[in-house]
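See below for coords_36.cif, which holds mmCIF, C-alpha atoms.
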```cif
data_protein
loop_
_atom_site.label_atom_id
_atom_site.label_comp_id
_atom_site.auth_asym_id
_atom_site.auth_seq_id
_atom_site.Cartn_x
_atom_site.Cartn_y
_atom_site.Cartn_z
CA MET A 1 5.87 34.81 9.46
CA PRO A 2 5.42 32.01 6.89
CA SER A 3 6.21 28.46 7.95
CA ARG A 4 8.92 26.38 6.34
CA ILE A 5 10.34 22.86 6.31
CA GLU A 6 14.06 22.50 6.94
CA PRO A 7 16.57 19.67 7.32
CA LEU A 8 17.75 19.24 10.90
CA SER A 9 21.24 20.50 10.06
CA GLN A 10 19.72 23.95 9.39
CA VAL A 11 17.74 24.15 12.64
CA PRO A 12 19.19 25.51 15.93
CA ALA A 13 19.74 22.68 18.41
CA ASP A 14 17.89 24.55 21.17
CA TRP A 15 14.76 24.73 18.99
CA VAL A 16 14.85 20.94 18.60
CA VAL A 17 15.33 20.41 22.35
CA ASP A 18 12.45 22.81 23.06
CA TYR A 19 10.10 20.93 20.72
CA PHE A 20 10.80 17.56 22.32
CA ARG A 21 10.60 19.04 25.81
CA ARG A 22 7.01 19.96 24.94
CA GLN A 23 6.58 16.32 23.89
CA GLN A 24 7.87 15.19 27.33
CA VAL A 25 11.10 13.72 25.87
CA PRO A 26 14.24 14.14 28.08
CA GLU A 27 16.92 16.45 26.70
CA ALA A 28 19.67 13.82 27.05
CA LEU A 29 17.72 11.46 24.82
CA VAL A 30 17.14 14.15 22.18
CA ARG A 31 20.80 15.17 22.07
CA TRP A 32 21.98 11.54 21.79
CA LYS A 33 19.44 10.65 19.13
CA PHE A 34 19.55 13.68 16.84
CA LEU A 35 22.30 16.14 17.76
CA ALA A 36 25.44 14.34 18.97
CA PRO A 37 27.99 13.20 16.37
CA GLY A 38 28.14 9.45 15.89
CA PRO A 39 27.92 6.53 13.47
CA PRO A 40 24.36 7.26 12.31
CA SER A 41 25.35 10.62 10.80
CA ARG A 42 28.20 10.07 8.36
CA GLY A 43 27.25 13.46 6.93
CA ARG A 44 23.59 12.52 6.42
CA GLU A 45 20.50 14.23 7.81
CA ARG A 46 18.92 12.96 11.05
CA GLY A 47 15.64 14.82 10.87
CA ILE A 48 13.21 17.12 9.06
CA ALA A 49 11.59 19.98 11.00
CA TRP A 50 8.57 22.16 10.37
CA ILE A 51 9.28 25.72 11.58
CA ARG A 52 6.64 28.33 12.39
CA ASP A 53 7.17 31.56 14.36
CA ASP A 54 10.80 30.58 14.99
CA ARG A 55 9.83 27.37 16.78
CA VAL A 56 9.82 23.74 15.73
CA GLN A 57 6.16 22.73 15.46
CA GLY A 58 6.59 19.40 13.68
CA PHE A 59 9.31 16.81 13.28
CA LEU A 60 10.23 13.68 11.34
CA GLY A 61 13.25 11.85 12.73
CA LEU A 62 15.66 10.02 10.44
CA VAL A 63 18.05 7.23 11.42
CA PRO A 64 20.71 6.84 8.71
CA CYS A 65 22.16 3.34 8.47
CA ARG A 66 23.32 0.77 5.93
CA LEU A 67 21.46 -1.83 3.91
CA GLY A 68 23.02 -5.10 2.78
CA ARG A 69 22.47 -7.83 0.21
CA GLY A 70 25.25 -10.35 -0.12
CA ASP A 71 28.50 -8.34 -0.23
CA GLU A 72 26.80 -5.14 -1.43
CA ARG A 73 26.11 -2.20 0.87
CA PHE A 74 23.85 0.82 0.33
CA ASP A 75 22.63 3.80 2.34
CA MET A 76 19.22 3.41 3.96
CA THR A 77 17.16 5.51 6.38
CA TRP A 78 14.69 4.51 9.09
CA THR A 79 12.02 7.02 10.10
CA CYS A 80 11.03 7.77 13.70
CA ASP A 81 9.41 10.47 15.89
CA TRP A 82 6.96 11.62 13.23
CA SER A 83 4.78 14.15 15.02
CA LEU A 84 3.13 17.57 15.02
CA ALA A 85 2.65 19.87 18.01
CA GLU A 86 -0.90 20.72 16.88
CA ARG A 87 -2.02 18.26 14.25
CA ALA A 88 -5.45 19.86 13.74
CA ASN A 89 -3.84 23.20 12.82
CA ALA A 90 -1.31 21.77 10.35
CA PRO A 91 -3.17 19.96 7.56
CA GLY A 92 -0.82 18.32 5.07
CA VAL A 93 2.36 19.21 6.95
CA GLY A 94 3.12 15.63 7.99
CA VAL A 95 3.03 14.50 4.37
CA ARG A 96 5.18 17.45 3.28
CA MET A 97 7.85 16.53 5.84
CA LEU A 98 7.84 12.97 4.59
CA GLN A 99 8.08 14.12 0.98
CA ARG A 100 11.15 16.16 1.91
CA ALA A 101 12.75 13.06 3.45
CA LEU A 102 11.81 10.93 0.44
CA ALA A 103 13.69 13.27 -1.90
CA ALA A 104 16.91 11.52 -0.89
CA ASP A 105 18.10 8.94 -3.42
CA GLU A 106 18.03 6.00 -1.00
CA PRO A 107 15.44 3.62 0.52
CA VAL A 108 13.42 5.08 3.41
CA LEU A 109 11.63 2.59 5.66
CA SER A 110 9.59 2.45 8.86
CA VAL A 111 9.03 -0.66 10.99
CA THR A 112 6.08 -1.31 13.38
CA ARG A 113 2.85 0.67 13.49
CA GLY A 114 4.28 3.51 15.57
CA SER A 115 1.94 6.32 16.55
CA ASP A 116 -1.60 6.72 15.26
CA PHE A 117 -0.20 9.55 13.14
CA THR A 118 2.33 7.26 11.44
CA ALA A 119 -0.14 4.41 10.99
CA SER A 120 -2.68 6.72 9.35
CA ILE A 121 -0.29 8.23 6.79
CA ALA A 122 2.47 5.73 5.98
CA PRO A 123 0.33 3.12 4.18
CA ARG A 124 -1.22 5.83 1.97
CA VAL A 125 1.96 7.58 0.85
CA GLY A 126 4.47 4.73 0.91
CA HIS A 127 5.81 2.50 -1.85
CA HIS A 128 4.28 -0.60 -0.26
CA THR A 129 3.43 -2.14 3.12
CA ILE A 130 4.05 -5.66 4.42
CA GLU A 131 1.50 -6.00 7.21
CA ASP A 132 3.05 -9.05 8.87
CA ALA A 133 6.73 -8.34 8.20
CA ALA A 134 7.91 -8.62 11.82
CA ARG A 135 7.20 -11.31 14.42
CA THR A 136 7.37 -10.51 18.12
CA PHE A 137 8.25 -13.23 20.64
CA VAL A 138 7.66 -12.75 24.38
CA VAL A 139 9.23 -14.92 27.07
CA PRO A 140 7.80 -14.80 30.64
CA LEU A 141 10.65 -15.03 33.17
CA ARG A 142 8.64 -14.66 36.40
CA ALA A 143 5.07 -15.38 37.41
CA ALA A 144 4.20 -11.66 37.54
CA SER A 145 4.50 -11.36 33.75
CA LEU A 146 1.71 -13.93 33.36
CA LEU A 147 -0.47 -12.96 36.33
CA GLU A 148 -0.70 -9.28 35.34
CA ARG A 149 -2.43 -10.36 32.12
CA LEU A 150 -5.29 -12.03 34.00
CA PRO A 151 -8.64 -10.20 34.24
CA GLY A 152 -10.05 -8.73 37.43
CA PRO A 153 -8.69 -9.28 40.96
CA ALA A 154 -6.52 -12.20 39.89
CA SER A 155 -4.01 -9.74 38.38
CA ALA A 156 -3.31 -8.40 41.90
CA LEU A 157 -1.33 -11.56 42.59
CA ALA A 158 1.38 -10.19 40.31
CA ARG A 159 2.16 -7.58 42.99
CA ALA A 160 2.48 -10.15 45.78
CA PRO A 161 6.28 -10.53 46.18
CA LEU A 162 6.32 -14.24 46.97
CA VAL A 163 4.02 -15.01 44.07
CA GLY A 164 4.96 -12.46 41.42
CA ARG A 165 8.72 -12.98 41.69
CA ALA A 166 8.51 -16.76 41.41
CA PRO A 167 10.80 -17.78 38.52
CA LEU A 168 9.41 -19.57 35.47
CA PRO A 169 11.23 -22.18 33.35
CA ALA A 170 11.96 -19.90 30.39
CA ALA A 171 14.57 -22.00 28.55
CA ARG A 172 14.11 -25.38 26.90
CA THR A 173 17.85 -26.09 26.68
CA SER A 174 21.12 -25.51 28.56
CA ALA A 175 23.32 -22.42 28.31
CA ARG A 176 26.38 -24.49 27.38
CA ARG A 177 29.60 -22.93 26.10
CA THR A 178 28.47 -19.32 26.50
CA ARG A 179 30.06 -16.22 27.97
CA VAL A 180 28.80 -12.75 28.97
CA GLU A 181 30.56 -9.44 28.30
CA ALA A 182 29.47 -6.00 29.47
CA GLY A 183 28.30 -3.61 26.78
CA VAL A 184 28.57 -4.27 23.04
CA ALA A 185 31.30 -6.85 22.46
CA HIS A 186 33.58 -6.01 19.51
CA ALA A 187 33.84 -9.74 18.81
CA LEU A 188 30.37 -9.39 17.28
CA ASP A 189 31.81 -7.73 14.16
CA ALA A 190 32.88 -11.00 12.55
CA LEU A 191 29.40 -12.47 13.04
CA LEU A 192 27.67 -9.32 11.75
CA ALA A 193 29.82 -9.37 8.60
CA ALA A 194 29.11 -13.04 7.80
CA PRO A 195 26.99 -13.89 4.71
CA ARG A 196 23.25 -13.51 5.38
CA GLY A 197 21.63 -15.25 2.41
CA PRO A 198 20.15 -13.79 -0.79
CA GLY A 199 17.80 -11.12 0.60
CA TRP A 200 18.07 -7.58 1.96
CA PHE A 201 18.97 -6.93 5.60
CA PRO A 202 20.02 -4.01 7.86
CA ALA A 203 23.84 -4.03 7.70
CA TYR A 204 25.05 -3.02 11.16
CA ASP A 205 28.52 -3.14 12.70
CA THR A 206 29.52 -2.85 16.36
CA SER A 207 30.16 0.91 16.13
CA TYR A 208 26.51 1.33 15.11
CA LEU A 209 25.25 -1.08 17.78
CA ASP A 210 27.33 0.72 20.38
CA TRP A 211 25.54 3.94 19.44
CA VAL A 212 21.95 2.59 19.36
CA VAL A 213 22.25 0.57 22.59
CA GLY A 214 25.62 1.00 24.31
CA ARG A 215 25.60 4.82 24.30
CA CYS A 216 21.87 5.37 24.63
CA PRO A 217 21.45 7.36 27.88
CA VAL A 218 18.40 5.37 29.03
CA LEU A 219 19.69 1.83 28.37
CA GLU A 220 22.20 -0.65 29.78
CA CYS A 221 23.27 -3.77 27.89
CA ALA A 222 25.38 -6.92 27.79
CA SER A 223 26.57 -9.30 25.07
CA ILE A 224 26.05 -13.07 25.16
CA LEU A 225 28.57 -14.98 23.03
CA ALA A 226 29.04 -18.63 22.05
CA PRO A 227 31.26 -20.54 22.06
CA ASP A 228 32.89 -19.42 25.29
CA ASP A 229 36.25 -18.80 23.59
CA GLY A 230 37.31 -17.71 20.12
CA ALA A 231 35.19 -16.05 17.44
CA PRO A 232 31.43 -16.24 18.17
CA ARG A 233 29.19 -18.45 16.04
CA ALA A 234 26.06 -17.24 17.80
CA ALA A 235 25.45 -14.17 19.94
CA ALA A 236 22.84 -11.84 21.38
CA LEU A 237 22.60 -8.30 22.64
CA LEU A 238 20.56 -8.09 25.84
CA TRP A 239 19.36 -4.79 27.25
CA ARG A 240 16.85 -2.97 29.47
CA ARG A 241 15.89 0.56 30.39
CA ARG A 242 17.91 1.86 33.33
CA GLU A 243 14.91 2.83 35.45
CA SER A 244 13.43 -0.67 35.47
CA ALA A 245 14.91 -4.17 35.55
CA ALA A 246 11.58 -5.87 34.78
CA ARG A 247 11.49 -5.78 30.97
CA TRP A 248 14.36 -6.85 28.73
CA ARG A 249 14.93 -6.96 24.99
CA LEU A 250 17.16 -9.14 22.91
CA ALA A 251 18.62 -9.18 19.38
CA LEU A 252 19.86 -12.56 18.13
CA PHE A 253 22.67 -13.21 15.65
CA ALA A 254 23.70 -16.67 14.50
CA ALA A 255 25.37 -18.52 11.66
CA PRO A 256 22.72 -20.56 9.78
CA ASP A 257 24.25 -23.89 10.85
CA GLU A 258 23.99 -22.88 14.54
CA CYS A 259 20.18 -22.48 14.53
CA GLY A 260 19.26 -26.18 14.68
CA PRO A 261 18.52 -28.38 17.73
CA ASP A 262 22.23 -28.81 18.55
CA GLY A 263 23.29 -25.31 17.53
CA LEU A 264 24.72 -22.58 19.71
CA ALA A 265 21.83 -20.16 19.03
CA ARG A 266 19.64 -22.03 21.51
CA ALA A 267 22.39 -21.96 24.12
CA VAL A 268 22.75 -18.19 23.66
CA LEU A 269 18.99 -17.73 24.10
CA ALA A 270 19.01 -19.85 27.25
CA ARG A 271 21.89 -17.82 28.71
CA ALA A 272 20.15 -14.55 27.81
CA ALA A 273 16.95 -15.61 29.57
CA ARG A 274 18.95 -16.70 32.62
CA GLU A 275 20.91 -13.42 32.72
CA ALA A 276 17.81 -11.26 32.36
CA ARG A 277 16.06 -13.10 35.19
CA ARG A 278 19.19 -13.03 37.39
CA ARG A 279 19.29 -9.25 36.97
CA GLY A 280 15.67 -8.83 38.06
CA GLY A 281 13.84 -9.35 34.76
CA SER A 282 10.28 -10.65 34.53
CA LEU A 283 9.76 -10.46 30.75
CA LEU A 284 12.05 -10.86 27.74
CA SER A 285 11.07 -10.02 24.16
CA LEU A 286 12.62 -10.10 20.71
CA LEU A 287 11.55 -9.16 17.21
CA LEU A 288 12.35 -11.11 14.02
CA SER A 289 11.56 -10.77 10.34
CA ARG A 290 8.98 -13.19 8.99
CA LEU A 291 11.73 -14.24 6.54
CA ASP A 292 14.02 -15.47 9.35
CA ASP A 293 12.70 -18.98 9.75
CA ASP A 294 16.10 -20.20 11.00
CA LEU A 295 16.17 -17.74 13.91
CA ALA A 296 12.47 -18.28 14.65
CA SER A 297 13.10 -22.03 14.83
CA ALA A 298 15.92 -21.44 17.32
CA VAL A 299 13.64 -19.23 19.46
CA ARG A 300 10.79 -21.74 19.48
CA GLY A 301 13.17 -24.58 20.27
CA GLY A 302 15.25 -22.74 22.84
CA LEU A 303 12.73 -20.65 24.79
CA ARG A 304 9.20 -21.00 26.17
CA ALA A 305 7.96 -18.07 24.11
CA PHE A 306 4.62 -16.98 22.75
CA GLU A 307 4.00 -14.74 19.75
CA ARG A 308 2.20 -11.43 19.73
CA GLU A 309 0.46 -9.67 16.83
CA PRO A 310 2.82 -9.22 13.84
CA GLN A 311 4.08 -5.74 13.00
CA PRO A 312 4.19 -4.05 9.57
CA LEU A 313 7.13 -2.81 7.55
CA TYR A 314 6.46 0.37 5.56
CA VAL A 315 8.73 0.72 2.53
CA LEU A 316 8.13 4.45 2.09
CA VAL A 317 10.36 4.90 -0.93
CA SER A 318 12.52 2.33 -2.67
CA ARG A 319 15.04 3.23 -5.34
CA SER A 320 18.77 2.82 -5.83
CA PRO A 321 18.30 -0.06 -4.97
CA ASP A 322 14.74 -1.34 -5.20
CA VAL A 323 13.95 -2.89 -1.79
CA ASP A 324 10.93 -5.12 -1.32
CA GLU A 325 11.35 -6.63 2.17
CA LEU A 326 14.00 -7.05 4.87
CA GLY A 327 15.30 -10.06 6.71
CA ARG A 328 17.12 -9.84 10.05
CA LEU A 329 14.72 -7.29 11.54
CA SER A 330 15.16 -6.71 15.27
CA TYR A 331 14.62 -4.24 18.10
CA LEU A 332 17.87 -2.59 16.97
CA ASP A 333 16.05 -1.09 13.97
CA ALA A 334 14.88 2.52 13.80
CA ASP A 335 14.40 3.67 17.43
CA LEU A 336 12.77 0.49 18.76
CA GLN A 337 15.62 -0.16 21.20
CA TYR A 338 14.27 2.10 23.95
CA LEU A 339 10.55 2.18 23.13
CA PHE A 340 9.50 -0.55 25.53
#
```
Have the structure of the file written as structure tokens, please.
Amino acid sequence: MPSRIEPLSQVPADWVVDYFRRQQVPEALVRWKFLAPGPPSRGRERGIAWIRDDRVQGFLGLVPCRLGRGDERFDMTWTCDWSLAERANAPGVGVRMLQRALAADEPVLSVTRGSDFTASIAPRVGHHTIEDAARTFVVPLRAASLLERLPGPASALARAPLVGRAPLPAARTSARRTRVEAGVAHALDALLAAPRGPGWFPAYDTSYLDWVVGRCPVLECASILAPDDGAPRAAALLWRRRESAARWRLALFAAPDECGPDGLARAVLARAAREARRRGGSLLSLLLSRLDDDLASAVRGGLRAFEREPQPLYVLVSRSPDVDELGRLSYLDADLQYLF
């Protein structure tokens, strides 16, 4: 039987679940990400599948969302889960799946290097690549997160309870005028809708954030808001995978005038670090666009963080509108939320 490439809406759900089961991906995660109704769909495709012998043998995941610039909004798609069951026996299929996705009249983007498969193809077939588009900041909360990086026997100290769990001074400022709410706080909507400057950015609202973090079956999250009453001027989403309290991620939102030395962004970061450590965390990380100097300044001033290797942004196709680069990147983009 000849093979074919189909949009996910034309593929039986059980075939999709079977493919990802062979990839060791839990069924609950697959159904949440690709099959359950929710904000990402809005009638748009969430994947491209390669079918052979009535089985899915290759897949390209799509995460429909919105793109903003000023008051304008456009459709945009992130890619994810680009894979083949047997890559050696499917020459050219990965590119054909991508070409099918790129036929849509909207920007298609991918952030971070992803798998070796993605990193080998995306730069060759895409519109353009920004190699250092995203900055990653890592904040050690306990001694274990530093000790496990040491070479040789010294790393064993990280597993010694009295040593490894020793708290580290993560924040450089106080957590003044902040409050914590369980889940995704709807008060975030006003901050998400505020003007973001002249460039392009992912345009999310709380219904979208509730899907990517709040309803993800493998995550639990909280919102940090400042000030402690009224509409927030700075905020963060803080989350971890349910099976481990050690590693936490954070997405920061703040009005531009709250990112300075006396701004509330630093207080939010301090409260987030304190909350993550109080709940058992040993490491906190966040991702920012290289364009977001205001947020990066708040992170450097508010937390004892170090930077890791920058990550690329692949603009795979860019038309209607023409997108060059994005500000306000974070671990909320694509499927980065649960890929710790």
Applied to the shown file, which residues does the PyMOL selection byres ((chain A and resi 45) around 12) return, written as a PyMOL selection string? chain A and resi 6-11+33-35+37+40-44+46-49+60-65+75-79+100-104
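Among A:Ala85, A:Trp200, A:Ala194, A:Thr206, the residue with the shortest atom-to-atom distance to A:Ile51, counting all atoms listed in the file, is A:Ala85.
Considering all atoms listed in the file, the residue among A:Arg266, A:Arg124, A:Arg279, A:Arg96 positioned nearest to A:Phe253 is A:Arg266.
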Which one is closest to A:Arg142: A:Gln57, A:Thr178, A:Ser282, A:Thr118? Count all atoms listed in the file.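 Between A:Gln57, A:Thr178, A:Ser282, A:Thr118, the residue approaching A:Arg142 most closely is A:Ser282.
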Near stretch 170-176 of chain A, counting all atoms listed in the file, which residues have an atom at most 6 Å away, once you skip same-chain residues fewer than 2 positions from it, shown as a PDB file with C-alpha atoms, in the frame of the given file?
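Written out: out-v5.pdb:
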```
ATOM      1  CA  LEU A 141      10.650 -15.030  33.170  1.00  0.00           C
ATOM      2  CA  LEU A 168       9.410 -19.570  35.470  1.00  0.00           C
ATOM      3  CA  THR A 178      28.470 -19.320  26.500  1.00  0.00           C
ATOM      4  CA  ALA A 267      22.390 -21.960  24.120  1.00  0.00           C
ATOM      5  CA  ALA A 270      19.010 -19.850  27.250  1.00  0.00           C
ATOM      6  CA  ARG A 271      21.890 -17.820  28.710  1.00  0.00           C
ATOM      7  CA  GLY A 302      15.250 -22.740  22.840  1.00  0.00           C
ATOM      8  CA  LEU A 303      12.730 -20.650  24.790  1.00  0.00           C
ATOM      9  CA  ARG A 304       9.200 -21.000  26.170  1.00  0.00           C
TER      10      ARG A 304
END
```
Exercise. For A:Pro217, which residue among A:Leu84, A:Arg241, A:Ala160, A:Leu191 is the nearest when counting only C-alpha atoms?
Worked result: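 Using only C-alpha atoms, A:Pro217 sits closest to A:Arg241.
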Q. Using only C-alpha atoms, which of A:Phe137, A:Trp32, A:Tyr204, A:Trp15 sits nearest A:Cys216?
A.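 Nearest to A:Cys216: A:Trp32.
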Exercise. Name the residues in contact with A:Leu147 at a cut-off of 10 Å, using only C-alpha atoms, excluding same-chain residues fewer than 2 positions from it; report them as a list of chain:residue names.
Key: A:Arg142, A:Ala143, A:Ala144, A:Ser145, A:Arg149, A:Leu150, A:Pro151, A:Ala154, A:Ser155, A:Ala156, A:Leu157, A:Ala158, A:Arg159, A:Val163, A:Gly164
Q.
Using Å and a single decimal, report how far atom CA of A:Leu288 sits from atom CA of A:Ser83.
A.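 Distance between the two atoms: 26.4 Å.
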Starting from the incomplete input, reconstruct N, CA and C atoms of stretch 21-52 of chain A and write that as an mmCIF file, in the frame of the given file.
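Full text of part.cif as output:
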```cif
data_model
loop_
_atom_site.group_PDB
_atom_site.id
_atom_site.type_symbol
_atom_site.label_atom_id
_atom_site.label_comp_id
_atom_site.auth_asym_id
_atom_site.auth_seq_id
_atom_site.Cartn_x
_atom_site.Cartn_y
_atom_site.Cartn_z
ATOM 1 N N ARG A 21 10.962 18.795 24.420
ATOM 2 C CA ARG A 21 10.600 19.040 25.810
ATOM 3 C C ARG A 21 9.081 19.185 25.924
ATOM 4 N N ARG A 22 8.472 19.847 24.957
ATOM 5 C CA ARG A 22 7.010 19.960 24.940
ATOM 6 C C ARG A 22 6.337 18.617 24.698
ATOM 7 N N GLN A 23 7.081 17.670 24.099
ATOM 8 C CA GLN A 23 6.580 16.320 23.890
ATOM 9 C C GLN A 23 6.930 15.389 25.058
ATOM 10 N N GLN A 24 7.489 15.949 26.135
ATOM 11 C CA GLN A 24 7.870 15.190 27.330
ATOM 12 C C GLN A 24 9.015 14.204 27.064
ATOM 13 N N VAL A 25 9.934 14.560 26.164
ATOM 14 C CA VAL A 25 11.100 13.720 25.870
ATOM 15 C C VAL A 25 12.319 14.341 26.548
ATOM 16 N N PRO A 26 13.080 13.586 27.364
ATOM 17 C CA PRO A 26 14.240 14.140 28.080
ATOM 18 C C PRO A 26 15.294 14.709 27.124
ATOM 19 N N GLU A 27 15.929 15.793 27.539
ATOM 20 C CA GLU A 27 16.920 16.450 26.700
ATOM 21 C C GLU A 27 18.085 15.524 26.359
ATOM 22 N N ALA A 28 18.539 14.722 27.315
ATOM 23 C CA ALA A 28 19.670 13.820 27.050
ATOM 24 C C ALA A 28 19.358 12.861 25.916
ATOM 25 N N LEU A 29 18.125 12.392 25.867
ATOM 26 C CA LEU A 29 17.720 11.460 24.820
ATOM 27 C C LEU A 29 17.692 12.165 23.462
ATOM 28 N N VAL A 30 17.207 13.383 23.428
ATOM 29 C CA VAL A 30 17.140 14.150 22.180
ATOM 30 C C VAL A 30 18.532 14.430 21.647
ATOM 31 N N ARG A 31 19.438 14.843 22.526
ATOM 32 C CA ARG A 31 20.800 15.170 22.070
ATOM 33 C C ARG A 31 21.525 13.917 21.578
ATOM 34 N N TRP A 32 21.368 12.792 22.261
ATOM 35 C CA TRP A 32 21.980 11.540 21.790
ATOM 36 C C TRP A 32 21.405 11.139 20.433
ATOM 37 N N LYS A 33 20.110 11.220 20.291
ATOM 38 C CA LYS A 33 19.440 10.650 19.130
ATOM 39 C C LYS A 33 19.596 11.500 17.865
ATOM 40 N N PHE A 34 19.589 12.826 18.022
ATOM 41 C CA PHE A 34 19.550 13.680 16.840
ATOM 42 C C PHE A 34 20.706 14.672 16.718
ATOM 43 N N LEU A 35 21.372 15.018 17.803
ATOM 44 C CA LEU A 35 22.300 16.140 17.760
ATOM 45 C C LEU A 35 23.760 15.768 17.968
ATOM 46 N N ALA A 36 24.051 14.713 18.707
ATOM 47 C CA ALA A 36 25.440 14.340 18.970
ATOM 48 C C ALA A 36 26.061 13.662 17.762
ATOM 49 N N PRO A 37 27.342 13.910 17.469
ATOM 50 C CA PRO A 37 27.990 13.200 16.370
ATOM 51 C C PRO A 37 28.091 11.713 16.689
ATOM 52 N N GLY A 38 28.060 10.891 15.662
ATOM 53 C CA GLY A 38 28.140 9.450 15.890
ATOM 54 C C GLY A 38 27.942 8.686 14.605
ATOM 55 N N PRO A 39 28.018 7.373 14.666
ATOM 56 C CA PRO A 39 27.920 6.530 13.470
ATOM 57 C C PRO A 39 26.684 6.768 12.609
ATOM 58 N N PRO A 40 25.515 7.102 13.182
ATOM 59 C CA PRO A 40 24.360 7.260 12.310
ATOM 60 C C PRO A 40 24.488 8.414 11.320
ATOM 61 N N SER A 41 25.310 9.424 11.631
ATOM 62 C CA SER A 41 25.350 10.620 10.800
ATOM 63 C C SER A 41 26.076 10.358 9.479
ATOM 64 N N ARG A 42 27.381 10.217 9.561
ATOM 65 C CA ARG A 42 28.200 10.070 8.360
ATOM 66 C C ARG A 42 27.840 11.137 7.324
ATOM 67 N N GLY A 43 27.569 12.357 7.810
ATOM 68 C CA GLY A 43 27.250 13.460 6.930
ATOM 69 C C GLY A 43 25.823 13.483 6.417
ATOM 70 N N ARG A 44 24.972 12.597 6.905
ATOM 71 C CA ARG A 44 23.590 12.520 6.420
ATOM 72 C C ARG A 44 22.627 13.142 7.438
ATOM 73 N N GLU A 45 21.472 13.561 6.944
ATOM 74 C CA GLU A 45 20.500 14.230 7.810
ATOM 75 C C GLU A 45 19.876 13.251 8.793
ATOM 76 N N ARG A 46 19.557 13.780 10.008
ATOM 77 C CA ARG A 46 18.920 12.960 11.050
ATOM 78 C C ARG A 46 17.540 13.478 11.420
ATOM 79 N N GLY A 47 16.996 14.357 10.601
ATOM 80 C CA GLY A 47 15.640 14.820 10.870
ATOM 81 C C GLY A 47 15.180 15.880 9.891
ATOM 82 N N ILE A 48 13.864 16.072 9.844
ATOM 83 C CA ILE A 48 13.210 17.120 9.060
ATOM 84 C C ILE A 48 12.296 17.869 10.028
ATOM 85 N N ALA A 49 12.376 19.193 10.046
ATOM 86 C CA ALA A 49 11.590 19.980 11.000
ATOM 87 C C ALA A 49 10.673 20.956 10.263
ATOM 88 N N TRP A 50 9.493 21.140 10.838
ATOM 89 C CA TRP A 50 8.570 22.160 10.370
ATOM 90 C C TRP A 50 8.688 23.354 11.320
ATOM 91 N N ILE A 51 9.031 24.518 10.776
ATOM 92 C CA ILE A 51 9.280 25.720 11.580
ATOM 93 C C ILE A 51 8.151 26.719 11.353
ATOM 94 N N ARG A 52 7.620 27.244 12.458
ATOM 95 C CA ARG A 52 6.640 28.330 12.390
ATOM 96 C C ARG A 52 6.862 29.244 13.574
#
```
